[in-house]
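Here the structure comes first, spelled out in structure tokens, and everything after it is commentary.
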Number of protein chains: 2
Amino acid sequence: MNIKIVVVGKIKEKIYQQRILEYLKWIDQDVKTDLIILKESSGKKLDQKLKPYLHSNNYTICVSEDGKQLSSKQFSEYIFERTQDLTFFIGGPDGHPQVIEKESKSILSLSNLTLPHEMALLVLAEQIFRAISIKKGSKYHR
Amino acid sequence: MNIKIVVVGKIKEKIYQQRILEYLKWIDQDVKTDLIILKESSGKKLDQKLKPYLHSNNYTICVSEDGKQLSSKQFSEYIFERTQDLTFFIGGPDGHPQVIEKESKSILSLSNLTLPHEMALLVLAEQIFRAISIKKGSKYHR
């Protein structure tokens with residue numbers, strides 16, 4: 001399994017950036033992971049850029065407050081029961097372009113709270129790392 | 001209103017620490033906020049240290065996966081409808097000492113996911129700042 005994380009909008013805060021890249025490096029030791037950062041742009045231009053990621057053979061997951069909430073254990077099962085590669089989408093400071101919620105196969109929520117998109121990416125990266133730890137039975141998840 | 005945040009266990013990661021302190025500085029401009037970090041120690045010793053914070057006149061809130069989840073708007077109302085000062089408790093790497101869940105007036109959940117306690121503190125700090133922004137009607141929360 002490979003994982004793609006597609007983020008709309010730059011990760012401006014260096015502090016988050018540094019920690020996110022560290023989690024992704026850890027994840028990458030077990031599961032190949034790519035972070036794709038798309039520049040925010042006006043509606044149609046952005047939709048065009050998103051299309052190849054939405055219409056791929058990957059299982060597409062929109063990360064949004066409105067989605068289904070899982071526990072960390074359920075999230076681990078959710079990831080590892082797939083036979084396809086995964087693509088997660090995280091919206092920008094102004095939320096998700098409609099096309100993502102509409103065309104993703106699944107909508108997942110990290111929290112009922114509105115998180116800054118950088119923090120959502122940080123939480124997602126940590127949870128993917130945790131999901132692998134749960135699957136492997138390592139000490140990280142207690 | 002004043003806010004106390006009582007955390008069990010050191011914030012070891014400098015990156016989180018830096019960002020948490022920044023949010024607290026922003027919050028402090030509107031609401032006086034103290035961060036109290038208690039060293040992890042064996043059961044009874046820690047319970048003794050927690051007691052004065054649990055048995056104060058403050059409205060005590062245990063932050064735990066098992067609690068009630070609110071949206072950011074609801075969290076803002078939840079904070080500002082209190083007439084008392086608030087104390088939030090965040091557990092350590094091994095979770096909450098039982099005494100906190102038992103004796104707090106309310107249990108609040110940030111997410112169904114298990115977050116590292118440093119990340120829980122980061123999310124809580126950002127949400128308190130967001131709650132103030134919502135109350136003030138500032139642009140931060142869109």
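Each chain of the structure tokens is named A, B, ... in the order shown, its residues numbered from 1; ligands are numbered from 1 in display order.
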
Output the contact residues of chain A with respect to chain B at a cut-off of 12 Å, based on only C-alpha atoms, as a PyMOL selection string. chain A and resi 13-20+22+65-66+68-76+92-95+108-116+118-120+122-131+134+139-142

DSSP says alpha helix (DSSP H) for which residues of segment 85-138 of chain B? Put them as a list of chain:residue names? B:Gln98, B:Val99, B:Ile100, B:Glu101, B:Lys102, B:Glu103, B:His117, B:Glu118, B:Met119, B:Ala120, B:Leu121, B:Leu122, B:Val123, B:Leu124, B:Ala125, B:Glu126, B:Gln127, B:Ile128, B:Phe129, B:Arg130, B:Ala131, B:Ile132, B:Ser133, B:Ile134, B:Lys135, B:Lys136

Could you work out how far atom CA of Arg82 of chain B lies from atom CA of Ser138 of chain B, giving the answer in Å with one decimal?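 Answer for the atom CA of Ser138 of chain B to atom CA of Arg82 of chain B separation: 21.0 Å.
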
State, in Å with one decimal place, the distance from atom CA of Gly91 of chain A to atom CA of Asp28 of chain A.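 Value for the atom CA of Gly91 of chain A-atom CA of Asp28 of chain A distance: 22.6 Å.
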
As a count of residues only, please: the residues near Lys4 of chain A (cut-off 9 Å, only C-alpha atoms, same-chain neighbours under 4 positions excluded). 12

Counting only C-alpha atoms, the residue of B:Asn2, B:Tyr78, B:Asp30, B:Leu121 that sits nearest Lys136 of chain B: B:Asp30

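Across the model, the gap from atom CA of Val99 of chain B to atom CA of Ser56 of chain B is 14.3 Å.
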